[in-house]
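Have a look at the structure below, then the notes.
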Amino acid sequence: MSDDIVSHQQEITDVPPLDKDAASLVKGIQRHYLRTLGQHTESHANHYKYQALAYTIRDHLMENWKDTKDAYLKKDGKRAYYMSLEFLMGRALGNAILNLGLDDNVADAMHQLGLSYEEKVELERDAGLGNGGLGRLAACFIDSCATLSLPVTGYGIRYEYGMFRQLIHNGYQVEEPDHWLNYGNVWEITRPEYTQRVHFGGRSERYHDDQGKVRMRWTDTQDVLAIPYDTPIPGYKNHTVNTLRLWKSAATDEFDLSEFNAGDYTEAVSAKNHAEDISMVLYPNDASENGKELRLRQQYFLASASIKDVLRQWTREHGEDFSTFADKNVFQLNDTHPTVSVAELMRLLMDEYRLEWDDAWAITTKTMAYTNHTLLPEALERWPVHLFGRLLPRLLDIIYGINAQFLSKVAEKWPGDVERQRRMSIIEEGDVQQVRMAYLAIIGSFSVNGVAQLHSDLLVEGLFKDFYDMWPEKFNNKTNGVTQRRWMAWCNKPLSSLINNTIGDAWITDLQQLRKLAPSIENAEFRKQWADCKRENKVRLAKLVKSTCGVDFAPDAMFDVQVKRIHEYKRQLLNVLHVIHLYDRIKRGDTENWTPRCVLIGGKAAPGYYMAKQIIKLVSNVADVVNHDPAVGDKLKVVFFPNYRVSAMEVICPAADLSEQISTAGKEASGTGNMKFMMNGALTIGTLDGANIEIREEVGDENFFLFGLTAEEVEKSRGHYDPNAIIASDEDFLRVMNLLECGHFSQFEPGLFAGICGAIRSCNDPWLVAADFRSYVDAQQRAAEAYRDQESWVKMSILNTAYSGKFSTDRTMEDYNREIWKLQSIRPASA
Ligand SMILES: *Cc1c(COP(=O)(O)O)cnc(C)c1O
């Protein structure tokens, strides 16, 4: 009988490999259109045409996916799991086509079918399962791991609703739900056979096992099912396809029977909805926690389902022998969000597989690694002990156990230092006791990293100093990156082909090759081609701005761009003050040697973040006044670009001349938007913050517009910061504040921006907007003057691209792998 099944399976899987030529692609598209999607030639619904193409490309991924899994199984090497509550993937189709090397053939096939390739690709909905940088980083990481043939699986949540869609009504942000799955999702494959059961509630209980030993168990729980949905993650032309496994929550059906028999069918079905709440919606907070119980449920849901999934695979291959588990598995925790994994692995090893505490702890602390993403205190996760204990009682026991052992080590190392024990305890004392997730992450991990050199330095000098004193060897830096496949090769076709024609295409998997462009700055013909590419991209963005904002951007003006989440520390406000200053200069006739500018600001505000939403309104109102003033004309245009997301960035970053990276020094852990812009030949105006420092190091100070206080100066300014004195002594600043305060940008709503003005004038402004105004305006003036000399600007642009090699996530992943994961790269046998 079983022999029968095996031979059948071989029949099923022994199909000839797919052909990649245009004619075969045409056949594939037609077949999926007619047979998979059931359409006929008269159908006018465009998305079926996108889907037919997507299914055709997916067929090609499927073969590589299977070969990759086979190769990993056969090799039985060490594996890594990237645990993240967010994966900001964007669209998959174009990236898959690029990585499969099918770009030309697909264009040809679509042409033969009389379909527009570019138009169909844009019908795909963004997978917006993340807020911003942290989620996009996860997406770039798994792209690079696939390209490096590293056996890394991404684990996350399949949110029914991702990041909200941002509309702008009368200058205000309005949030709409993101129904990204409405037209189905071609890229996901459900794996119901790997469903996991996740516990909540109940209580923990002592009992005697069959050998009479006292053990703990978690009983009377309310369970939820976790159903995995797998998405293929293709490497670049290397036959590798890794897996992103996202969990959807669902009700168990055992309660149905009793309720059903009692006639309470509808009650039973509505309980199902409760279970499905867990994976319903992404929390739209970036760099701040919100302490909601459902969020803790999501965190544990991801942790438990994923670790159980890893243990399922382990026991299938190795039985219940965990002696080599830590040599073969490593979990990378993307911020503290999945940190309950530390306690969950302990629980499963002890309660399910009967390991002793010390053995389980040895395994846990050899397999967990933690990445910190921020120093902002409002982002540090703490959960009230009472909430934690009610939701996850057995996990809280284990955390108490970890803490007790840890504090005794602290006491051993620093005898009598009770204050230090209090500081370092996982449990924060106070009116409401709290579980400090970052401390659990540090104590439970063998590696703790920051995401840019400055950030990692500040971590060990400040926030984590006590832990650094205890375990200096745990701490390390891994500077972020971005994948050049999506952020250059795919989204900037004009520049990519110019680069290919100049230095070849090896840069697509070895970004340091771009250095070879540097000598070409002396070649006038090359510079002209470079400028032509930038112009083509600016025309494309101008079209998008016209259609979404109704404003004309002139392609010869300087495109000055700030796109990122709206947050006070990122200082969009400083950017607006500069825009008002330019407006004021124009109105006063101070326009000699003027550089026309188009300023684009975009990004989402957390729905509960009042100040961020006010800043959006301010940008919109300033834009309204500036764009409609005939005296301004083409000298200055301003837009607030709505619904900033991955697919928008793919059009924006190739078209930028000036990249705004103007956070208060010491606050932006790394930034990755800065890297996308640099790679695409924008110059940065920025502070000495996050990866800006490393960008400036790579490209040289002469190709970077630096301004502002250093992180050290920011810290020293506390206590004697006097913004009103700064404003009063700077005529330009004074005029800007007068315009704001006299209601020039809020004619119909007097006093609308009083909160913003008050924040700028407050001695307690943590973001020191006023402190950096003058040096920012001066740096902007240098940028404007530099732009007027186009020959030299283009040289600087080329050098920015040429020296962006460090900022590939291929490098970042090699660093993680060499110093943390230690995986072998495994290439599947190519077909
Ligand atoms: C790159 C990216 C970010 C991160 O931008 P920062 O400037 O580093 O904050 C956020 N959102 C999207 C859509 C991105 O592509």
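Following the order of the structure tokens, chains are lettered A, B, ..., residues in each are numbered from 1, and ligands are numbered from 1.
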Near-A:Tyr194 list (8 Å; only C-alpha atoms; drop same-chain fewer than 6 positions) as an mmCIF file with all heavy atoms, in the first residue's frame:
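Saved to part_27.cif:
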data_model
loop_
_atom_site.group_PDB
_atom_site.id
_atom_site.type_symbol
_atom_site.label_atom_id
_atom_site.label_comp_id
_atom_site.auth_asym_id
_atom_site.auth_seq_id
_atom_site.Cartn_x
_atom_site.Cartn_y
_atom_site.Cartn_z
ATOM 1 N N ILE A 227 -2.298 28.176 11.405
ATOM 2 C CA ILE A 227 -2.217 27.502 10.099
ATOM 3 C C ILE A 227 -1.150 28.205 9.259
ATOM 4 O O ILE A 227 -1.203 29.418 9.075
ATOM 5 C CB ILE A 227 -3.573 27.584 9.369
ATOM 6 C CG1 ILE A 227 -4.663 26.960 10.257
ATOM 7 C CG2 ILE A 227 -3.508 26.907 8.008
ATOM 8 C CD1 ILE A 227 -6.069 27.209 9.750
ATOM 9 N N PRO A 228 -0.174 27.437 8.773
ATOM 10 C CA PRO A 228 0.908 28.086 8.026
ATOM 11 C C PRO A 228 0.575 28.346 6.563
ATOM 12 O O PRO A 228 -0.038 27.515 5.892
ATOM 13 C CB PRO A 228 2.057 27.081 8.123
ATOM 14 C CG PRO A 228 1.400 25.761 8.324
ATOM 15 C CD PRO A 228 0.089 26.011 9.016
ATOM 16 N N ASP A 309 6.907 24.415 15.293
ATOM 17 C CA ASP A 309 7.155 23.981 13.913
ATOM 18 C C ASP A 309 8.609 23.515 13.751
ATOM 19 O O ASP A 309 8.883 22.492 13.115
ATOM 20 C CB ASP A 309 6.852 25.148 12.971
ATOM 21 C CG ASP A 309 6.723 24.711 11.516
ATOM 22 O OD1 ASP A 309 6.013 23.718 11.266
ATOM 23 O OD2 ASP A 309 7.319 25.374 10.645
#
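Residues of stretch 441-584 of chain A that DSSP places in strand (DSSP E), based on the backbone of this structure, are A:Ser447, A:Val448, A:Asn449, A:Gly450, A:Phe475, A:Asn476, A:Asn477, A:Met558, A:Phe559, A:Asp560, A:Val561, A:Gln562, A:Val563.
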May I have the residues from that selection written out with all heavy atoms, as a short mmCIF file (atom, residue, chain, number, x, y, z; two decimals), in the first residue's frame?
data_model
loop_
_atom_site.label_atom_id
_atom_site.label_comp_id
_atom_site.auth_asym_id
_atom_site.auth_seq_id
_atom_site.Cartn_x
_atom_site.Cartn_y
_atom_site.Cartn_z
N SER A 447 23.76 36.42 21.59
CA SER A 447 24.21 37.56 20.80
C SER A 447 23.18 38.68 20.91
O SER A 447 21.98 38.43 20.83
CB SER A 447 24.37 37.15 19.33
OG SER A 447 24.46 38.30 18.49
N VAL A 448 23.67 39.90 21.09
CA VAL A 448 22.80 41.08 21.11
C VAL A 448 23.43 42.09 20.16
O VAL A 448 24.58 42.48 20.35
CB VAL A 448 22.69 41.70 22.52
CG1 VAL A 448 21.83 42.96 22.49
CG2 VAL A 448 22.16 40.68 23.53
N ASN A 449 22.68 42.51 19.13
CA ASN A 449 23.29 43.46 18.21
C ASN A 449 22.44 44.70 17.99
O ASN A 449 21.22 44.66 18.05
CB ASN A 449 23.62 42.80 16.86
CG ASN A 449 22.39 42.54 16.00
OD1 ASN A 449 21.64 41.58 16.19
ND2 ASN A 449 22.20 43.42 15.02
N GLY A 450 23.12 45.80 17.75
CA GLY A 450 22.50 47.02 17.25
C GLY A 450 22.62 47.02 15.73
O GLY A 450 23.22 46.11 15.16
N PHE A 475 27.76 41.37 22.97
CA PHE A 475 27.31 42.56 22.23
C PHE A 475 28.10 42.77 20.93
O PHE A 475 29.32 42.64 20.91
CB PHE A 475 27.41 43.79 23.13
CG PHE A 475 26.37 43.75 24.24
CD1 PHE A 475 26.60 43.01 25.39
CD2 PHE A 475 25.17 44.40 24.09
CE1 PHE A 475 25.63 42.94 26.40
CE2 PHE A 475 24.19 44.33 25.08
CZ PHE A 475 24.43 43.60 26.23
N ASN A 476 27.38 43.08 19.88
CA ASN A 476 28.04 43.31 18.59
C ASN A 476 27.18 44.22 17.71
O ASN A 476 26.02 44.47 18.01
CB ASN A 476 28.33 41.98 17.89
CG ASN A 476 27.07 41.20 17.55
OD1 ASN A 476 26.53 41.30 16.45
ND2 ASN A 476 26.57 40.40 18.50
N ASN A 477 27.80 44.69 16.65
CA ASN A 477 27.08 45.55 15.68
C ASN A 477 26.89 44.83 14.36
O ASN A 477 27.77 44.12 13.91
CB ASN A 477 27.89 46.84 15.45
CG ASN A 477 27.27 47.66 14.33
OD1 ASN A 477 27.85 47.82 13.25
ND2 ASN A 477 26.08 48.16 14.56
N MET A 558 15.41 70.65 -8.51
CA MET A 558 16.00 69.67 -7.57
C MET A 558 14.86 68.94 -6.85
O MET A 558 13.97 69.58 -6.29
CB MET A 558 16.86 70.41 -6.55
CG MET A 558 17.41 69.50 -5.47
SD MET A 558 17.89 70.44 -4.01
CE MET A 558 19.60 70.64 -4.34
N PHE A 559 14.88 67.62 -6.91
CA PHE A 559 13.87 66.82 -6.20
C PHE A 559 14.39 66.53 -4.79
O PHE A 559 15.36 65.78 -4.62
CB PHE A 559 13.57 65.51 -6.95
CG PHE A 559 12.61 65.68 -8.11
CD1 PHE A 559 12.39 66.92 -8.71
CD2 PHE A 559 11.90 64.58 -8.60
CE1 PHE A 559 11.50 67.06 -9.77
CE2 PHE A 559 11.01 64.71 -9.67
CZ PHE A 559 10.81 65.95 -10.26
N ASP A 560 13.74 67.13 -3.84
CA ASP A 560 14.18 67.11 -2.44
C ASP A 560 13.16 66.23 -1.69
O ASP A 560 11.99 66.60 -1.59
CB ASP A 560 14.17 68.58 -1.95
CG ASP A 560 14.36 68.74 -0.46
OD1 ASP A 560 14.27 67.77 0.29
OD2 ASP A 560 14.57 69.92 -0.03
N VAL A 561 13.59 65.07 -1.20
CA VAL A 561 12.63 64.04 -0.78
C VAL A 561 12.85 63.58 0.67
O VAL A 561 13.97 63.27 1.08
CB VAL A 561 12.74 62.81 -1.71
CG1 VAL A 561 11.76 61.73 -1.27
CG2 VAL A 561 12.48 63.20 -3.17
N GLN A 562 11.75 63.55 1.42
CA GLN A 562 11.78 62.92 2.74
C GLN A 562 10.58 61.98 2.85
O GLN A 562 9.44 62.43 3.01
CB GLN A 562 11.74 63.96 3.87
CG GLN A 562 11.91 63.31 5.25
CD GLN A 562 11.96 64.30 6.40
OE1 GLN A 562 11.46 65.42 6.30
NE2 GLN A 562 12.58 63.89 7.50
N VAL A 563 10.82 60.69 2.74
CA VAL A 563 9.75 59.70 2.91
C VAL A 563 10.17 58.71 3.97
O VAL A 563 11.25 58.12 3.91
CB VAL A 563 9.41 58.97 1.58
CG1 VAL A 563 8.61 59.87 0.65
CG2 VAL A 563 10.65 58.45 0.90
#
Between atom CA of A:Ser775 and atom CA of A:Ser663, what is the distance in Å, rounded to a tenth?
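Taking atom CA of A:Ser775 as the start and atom CA of A:Ser663 as the end point, the length is 13.5 Å.
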What do you get as a PyMOL selection string if you pick all residues at most 6 Å from ligand 1, counting only C-alpha atoms and all ligand atoms?
chain A and resi 132-133+136+564-565+645-646+649+671-674
Write a file of the selected residues as a PDB file, in the first residue's frame, keeping N, CA, C and O atoms.
ATOM      1  N   GLY A 132       7.407  49.936   8.772  1.00  0.00           N
ATOM      2  CA  GLY A 132       8.419  50.782   8.146  1.00  0.00           C
ATOM      3  C   GLY A 132       9.738  50.042   8.074  1.00  0.00           C
ATOM      4  O   GLY A 132       9.779  48.873   7.668  1.00  0.00           O
ATOM      5  N   GLY A 133      10.796  50.703   8.539  1.00  0.00           N
ATOM      6  CA  GLY A 133      12.148  50.190   8.386  1.00  0.00           C
ATOM      7  C   GLY A 133      12.354  48.776   8.926  1.00  0.00           C
ATOM      8  O   GLY A 133      12.960  47.944   8.259  1.00  0.00           O
ATOM      9  N   ARG A 136      10.644  46.256   6.633  1.00  0.00           N
ATOM     10  CA  ARG A 136      11.285  46.210   5.316  1.00  0.00           C
ATOM     11  C   ARG A 136      12.662  45.541   5.436  1.00  0.00           C
ATOM     12  O   ARG A 136      13.108  44.830   4.545  1.00  0.00           O
ATOM     13  N   LYS A 564       9.328  58.492   4.940  1.00  0.00           N
ATOM     14  CA  LYS A 564       9.582  57.623   6.089  1.00  0.00           C
ATOM     15  C   LYS A 564       8.398  57.804   7.025  1.00  0.00           C
ATOM     16  O   LYS A 564       7.590  58.719   6.835  1.00  0.00           O
ATOM     17  N   ARG A 565       8.269  56.943   8.028  1.00  0.00           N
ATOM     18  CA  ARG A 565       7.191  57.146   8.986  1.00  0.00           C
ATOM     19  C   ARG A 565       7.250  58.569   9.570  1.00  0.00           C
ATOM     20  O   ARG A 565       8.334  59.128   9.745  1.00  0.00           O
ATOM     21  N   ARG A 645       4.516  53.686   0.636  1.00  0.00           N
ATOM     22  CA  ARG A 645       4.634  52.236   0.813  1.00  0.00           C
ATOM     23  C   ARG A 645       5.767  51.732  -0.060  1.00  0.00           C
ATOM     24  O   ARG A 645       6.374  52.536  -0.794  1.00  0.00           O
ATOM     25  N   VAL A 646       6.038  50.429  -0.051  1.00  0.00           N
ATOM     26  CA  VAL A 646       7.177  49.890  -0.801  1.00  0.00           C
ATOM     27  C   VAL A 646       7.060  50.213  -2.292  1.00  0.00           C
ATOM     28  O   VAL A 646       8.014  50.698  -2.915  1.00  0.00           O
ATOM     29  N   MET A 649       7.952  53.724  -2.998  1.00  0.00           N
ATOM     30  CA  MET A 649       9.392  53.976  -2.867  1.00  0.00           C
ATOM     31  C   MET A 649      10.154  53.506  -4.106  1.00  0.00           C
ATOM     32  O   MET A 649      11.183  54.079  -4.461  1.00  0.00           O
ATOM     33  N   GLY A 671      18.357  53.607  10.019  1.00  0.00           N
ATOM     34  CA  GLY A 671      17.793  54.117   8.774  1.00  0.00           C
ATOM     35  C   GLY A 671      18.173  53.153   7.661  1.00  0.00           C
ATOM     36  O   GLY A 671      19.256  52.535   7.688  1.00  0.00           O
ATOM     37  N   THR A 672      17.268  52.966   6.730  1.00  0.00           N
ATOM     38  CA  THR A 672      17.576  52.183   5.526  1.00  0.00           C
ATOM     39  C   THR A 672      17.104  52.936   4.286  1.00  0.00           C
ATOM     40  O   THR A 672      17.632  52.713   3.195  1.00  0.00           O
ATOM     41  N   GLY A 673      16.145  53.850   4.480  1.00  0.00           N
ATOM     42  CA  GLY A 673      15.744  54.717   3.379  1.00  0.00           C
ATOM     43  C   GLY A 673      16.980  55.471   2.878  1.00  0.00           C
ATOM     44  O   GLY A 673      17.209  55.587   1.662  1.00  0.00           O
ATOM     45  N   ASN A 674      17.800  55.939   3.806  1.00  0.00           N
ATOM     46  CA  ASN A 674      19.030  56.647   3.446  1.00  0.00           C
ATOM     47  C   ASN A 674      19.885  55.832   2.465  1.00  0.00           C
ATOM     48  O   ASN A 674      20.475  56.368   1.529  1.00  0.00           O
TER      49      ASN A 674
END
Residue set, stretch 651-800 of chain A restricted to helix (DSSP H, G or I), as a VMD selection string:
chain A and resid 651 to 655 673 to 679 692 to 699 701 to 703 711 to 717 723 to 728 731 to 741 754 to 761 769 to 788 790 to 800
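You will find atom CA of A:Trp767 at 25.9 Å from atom CA of A:Val174.
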With distances taken over only C-alpha atoms, which residue among A:Glu568, A:Asp634, A:Glu176, A:Glu698 lies nearest A:Val599?
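For A:Val599, the nearest of the given residues is A:Asp634.
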Using only C-alpha atoms, pick whichever of A:Gly755, A:Gly319, A:Gly690, A:Gly101 has the shortest atom-to-atom distance to A:Ser670.
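Nearest candidate to A:Ser670 out of A:Gly755, A:Gly319, A:Gly690, A:Gly101: A:Gly690.
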All residues 9 Å or closer to stretch 789-792 of chain A, only C-alpha atoms, same chain fewer than 4 positions away omitted, as a PDB file with all heavy atoms, in the first residue's frame:
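Saved file out07.pdb follows:
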ATOM      1  N   ALA A 524      32.755  62.615 -19.748  1.00  0.00           N
ATOM      2  CA  ALA A 524      31.620  63.532 -19.942  1.00  0.00           C
ATOM      3  C   ALA A 524      30.418  62.826 -20.557  1.00  0.00           C
ATOM      4  O   ALA A 524      29.269  63.096 -20.199  1.00  0.00           O
ATOM      5  CB  ALA A 524      32.037  64.712 -20.811  1.00  0.00           C
ATOM      6  N   ARG A 527      28.704  60.882 -17.860  1.00  0.00           N
ATOM      7  CA  ARG A 527      27.971  61.795 -16.970  1.00  0.00           C
ATOM      8  C   ARG A 527      26.645  62.219 -17.597  1.00  0.00           C
ATOM      9  O   ARG A 527      25.621  62.292 -16.915  1.00  0.00           O
ATOM     10  CB  ARG A 527      28.812  63.035 -16.647  1.00  0.00           C
ATOM     11  CG  ARG A 527      29.979  62.775 -15.734  1.00  0.00           C
ATOM     12  CD  ARG A 527      30.428  64.062 -15.035  1.00  0.00           C
ATOM     13  NE  ARG A 527      30.750  65.136 -15.957  1.00  0.00           N
ATOM     14  CZ  ARG A 527      31.947  65.347 -16.501  1.00  0.00           C
ATOM     15  NH1 ARG A 527      32.957  64.537 -16.212  1.00  0.00           N
ATOM     16  NH2 ARG A 527      32.150  66.359 -17.319  1.00  0.00           N
ATOM     17  N   LYS A 528      26.689  62.441 -18.895  1.00  0.00           N
ATOM     18  CA  LYS A 528      25.454  62.839 -19.569  1.00  0.00           C
ATOM     19  C   LYS A 528      24.432  61.699 -19.513  1.00  0.00           C
ATOM     20  O   LYS A 528      23.248  61.908 -19.210  1.00  0.00           O
ATOM     21  CB  LYS A 528      25.731  63.222 -21.028  1.00  0.00           C
ATOM     22  CG  LYS A 528      24.449  63.604 -21.740  1.00  0.00           C
ATOM     23  CD  LYS A 528      24.620  64.189 -23.108  1.00  0.00           C
ATOM     24  CE  LYS A 528      23.260  64.576 -23.697  1.00  0.00           C
ATOM     25  NZ  LYS A 528      22.185  63.616 -23.409  1.00  0.00           N
ATOM     26  N   ALA A 531      22.992  61.535 -16.056  1.00  0.00           N
ATOM     27  CA  ALA A 531      21.988  62.590 -15.847  1.00  0.00           C
ATOM     28  C   ALA A 531      20.695  62.263 -16.587  1.00  0.00           C
ATOM     29  O   ALA A 531      19.598  62.518 -16.071  1.00  0.00           O
ATOM     30  CB  ALA A 531      22.545  63.938 -16.301  1.00  0.00           C
ATOM     31  N   GLU A 785      23.333  75.439  -3.930  1.00  0.00           N
ATOM     32  CA  GLU A 785      24.422  75.968  -4.756  1.00  0.00           C
ATOM     33  C   GLU A 785      25.118  74.851  -5.520  1.00  0.00           C
ATOM     34  O   GLU A 785      25.442  74.998  -6.697  1.00  0.00           O
ATOM     35  CB  GLU A 785      25.426  76.746  -3.887  1.00  0.00           C
ATOM     36  CG  GLU A 785      24.949  78.168  -3.623  1.00  0.00           C
ATOM     37  CD  GLU A 785      25.596  78.811  -2.401  1.00  0.00           C
ATOM     38  OE1 GLU A 785      26.714  78.384  -2.002  1.00  0.00           O
ATOM     39  OE2 GLU A 785      24.965  79.735  -1.818  1.00  0.00           O
ATOM     40  N   MET A 796      29.098  63.920  -8.085  1.00  0.00           N
ATOM     41  CA  MET A 796      28.816  63.527  -6.691  1.00  0.00           C
ATOM     42  C   MET A 796      27.746  62.435  -6.646  1.00  0.00           C
ATOM     43  O   MET A 796      27.808  61.527  -5.824  1.00  0.00           O
ATOM     44  CB  MET A 796      28.363  64.748  -5.887  1.00  0.00           C
ATOM     45  CG  MET A 796      29.466  65.792  -5.711  1.00  0.00           C
ATOM     46  SD  MET A 796      29.072  67.057  -4.476  1.00  0.00           S
ATOM     47  CE  MET A 796      27.847  68.027  -5.303  1.00  0.00           C
ATOM     48  N   SER A 797      26.804  62.555  -7.556  1.00  0.00           N
ATOM     49  CA  SER A 797      25.743  61.545  -7.631  1.00  0.00           C
ATOM     50  C   SER A 797      26.341  60.178  -7.977  1.00  0.00           C
ATOM     51  O   SER A 797      26.057  59.164  -7.317  1.00  0.00           O
ATOM     52  CB  SER A 797      24.715  61.977  -8.682  1.00  0.00           C
ATOM     53  OG  SER A 797      23.840  60.920  -8.998  1.00  0.00           O
TER      54      SER A 797
END
When distances are computed from only C-alpha atoms, which of A:Arg696, A:Arg535, A:His578, A:Arg788 shows the smallest separation from A:Leu495?
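Nearest candidate to A:Leu495 out of A:Arg696, A:Arg535, A:His578, A:Arg788: A:Arg535.
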Got a sec: who's within 12 Å of A:Arg588, counting only C-alpha atoms, leaving out chain neighbours fewer than 6 positions off, as a VMD selection string?
chain A and resid 581 to 582 631 to 632 732 735
Take the selection from the previous step and output its residues with N, CA and C atoms, as a compact mmCIF listing (two decimals), in the first residue's frame.
# COMPACT_ATOMS: atom_id res chain seq x y z
N HIS A 581 10.91 78.80 5.15
CA HIS A 581 12.01 79.76 4.98
C HIS A 581 12.23 80.07 3.49
N LEU A 582 12.20 79.06 2.64
CA LEU A 582 12.37 79.29 1.20
C LEU A 582 11.21 80.15 0.67
N ALA A 631 3.35 84.17 -7.14
CA ALA A 631 4.69 84.74 -6.95
C ALA A 631 5.74 83.65 -6.77
N VAL A 632 5.32 82.47 -6.40
CA VAL A 632 6.27 81.37 -6.17
C VAL A 632 6.57 80.64 -7.47
N ASP A 732 15.93 84.93 10.11
CA ASP A 732 15.21 84.01 9.22
C ASP A 732 14.24 83.14 10.02
N ARG A 735 11.22 85.10 11.27
CA ARG A 735 10.20 85.32 10.24
C ARG A 735 9.39 84.05 9.99
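Counting only C-alpha atoms, the residue from A:Ala326, A:Ile97, A:Glu124, A:Lys822 that sits nearest to A:Lys20 is A:Ile97.
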Pick from A:Leu345, A:Ile685, A:Leu600, A:Leu181: nearest to A:Ile652, with only C-alpha atoms counted?
A:Leu600
Cut-off 12 Å: closest stretch 172-198 of chain A/stretch 24-46 of chain A atom pairs per residue, using only C-alpha atoms, as CSV:
residue,atom,partner,partner_atom,distance
A:Tyr183,CA,A:Ala45,CA,11.3
A:Gly184,CA,A:Leu37,CA,11.4
A:Val186,CA,A:Thr36,CA,11.2
May I have the residues within 8 Å of A:Tyr229 as a list in words, using only C-alpha atoms and disregarding those fewer than 3 positions away in the same chain?
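In the requested format, the answer is Arg158, Glu188, Ile189, Thr190, Arg191, Arg245, Leu246, Trp247 and Lys248 of chain A.
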With only C-alpha atoms as the counted atoms, please give the residues lying no more than 10 Å from A:Gly719, apart from itself and same-chain residues fewer than 3 positions off, as JSON, numbers by chain.
{"A": [715, 716, 722, 763, 764]}
Selected residue of minimal separation from A:Glu193 among A:Arg312, A:His111, A:Arg347, A:Arg295, counting only C-alpha atoms:
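The answer is A:Arg312, which sits nearest to A:Glu193.
Near A:Asn273, within a cut-off of 10 Å and counting only C-alpha atoms, sit the residues Ser249, Ala250, Ala251, Ala268, Val269, Asp277, Ile278 and Met280 of chain A, with same-chain residues fewer than 4 positions away left out.
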Deliver the residues from the most recent selection as a file, using N, CA, C and O atoms, as a PDB file, in the first residue's frame.
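Result file selection-v1.pdb:
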ATOM      1  N   SER A 249      -4.413  32.602  12.351  1.00  0.00           N
ATOM      2  CA  SER A 249      -5.085  31.987  13.500  1.00  0.00           C
ATOM      3  C   SER A 249      -6.462  31.482  13.109  1.00  0.00           C
ATOM      4  O   SER A 249      -7.118  32.058  12.237  1.00  0.00           O
ATOM      5  N   ALA A 250      -6.869  30.398  13.749  1.00  0.00           N
ATOM      6  CA  ALA A 250      -8.195  29.826  13.485  1.00  0.00           C
ATOM      7  C   ALA A 250      -8.676  29.138  14.750  1.00  0.00           C
ATOM      8  O   ALA A 250      -7.872  28.756  15.613  1.00  0.00           O
ATOM      9  N   ALA A 251      -9.984  28.973  14.848  1.00  0.00           N
ATOM     10  CA  ALA A 251     -10.546  28.304  16.030  1.00  0.00           C
ATOM     11  C   ALA A 251     -10.294  26.807  15.945  1.00  0.00           C
ATOM     12  O   ALA A 251     -10.255  26.226  14.863  1.00  0.00           O
ATOM     13  N   ALA A 268     -21.285  29.114  18.815  1.00  0.00           N
ATOM     14  CA  ALA A 268     -20.067  28.355  18.508  1.00  0.00           C
ATOM     15  C   ALA A 268     -19.308  29.003  17.359  1.00  0.00           C
ATOM     16  O   ALA A 268     -18.088  29.143  17.402  1.00  0.00           O
ATOM     17  N   VAL A 269     -20.034  29.427  16.366  1.00  0.00           N
ATOM     18  CA  VAL A 269     -19.368  30.026  15.218  1.00  0.00           C
ATOM     19  C   VAL A 269     -18.767  31.387  15.568  1.00  0.00           C
ATOM     20  O   VAL A 269     -17.700  31.750  15.081  1.00  0.00           O
ATOM     21  N   ASP A 277      -9.262  36.754  15.495  1.00  0.00           N
ATOM     22  CA  ASP A 277      -8.795  38.103  15.821  1.00  0.00           C
ATOM     23  C   ASP A 277      -7.271  38.200  15.845  1.00  0.00           C
ATOM     24  O   ASP A 277      -6.709  39.245  15.511  1.00  0.00           O
ATOM     25  N   ILE A 278      -6.622  37.130  16.300  1.00  0.00           N
ATOM     26  CA  ILE A 278      -5.183  37.228  16.547  1.00  0.00           C
ATOM     27  C   ILE A 278      -4.420  37.643  15.294  1.00  0.00           C
ATOM     28  O   ILE A 278      -3.543  38.496  15.349  1.00  0.00           O
ATOM     29  N   MET A 280      -5.751  39.114  12.674  1.00  0.00           N
ATOM     30  CA  MET A 280      -6.611  39.998  11.883  1.00  0.00           C
ATOM     31  C   MET A 280      -5.879  41.236  11.385  1.00  0.00           C
ATOM     32  O   MET A 280      -5.956  41.592  10.225  1.00  0.00           O
TER      33      MET A 280
END
Per residue of stretch 454-549 of chain A within 9 Å of stretch 554-557 of chain A, what are the shortest atom pair and its distance in Å to one decimal, counting only C-alpha atoms, with rows by chain and residue number, as CSV?
residue,atom,partner,partner_atom,distance
A:Arg535,CA,A:Pro555,CA,6.4
A:Glu536,CA,A:Pro555,CA,8.5
A:Asn537,CA,A:Pro555,CA,9.0
A:Lys538,CA,A:Pro555,CA,5.6
A:Val539,CA,A:Pro555,CA,5.8
A:Leu541,CA,A:Pro555,CA,8.9
A:Ala542,CA,A:Pro555,CA,7.0
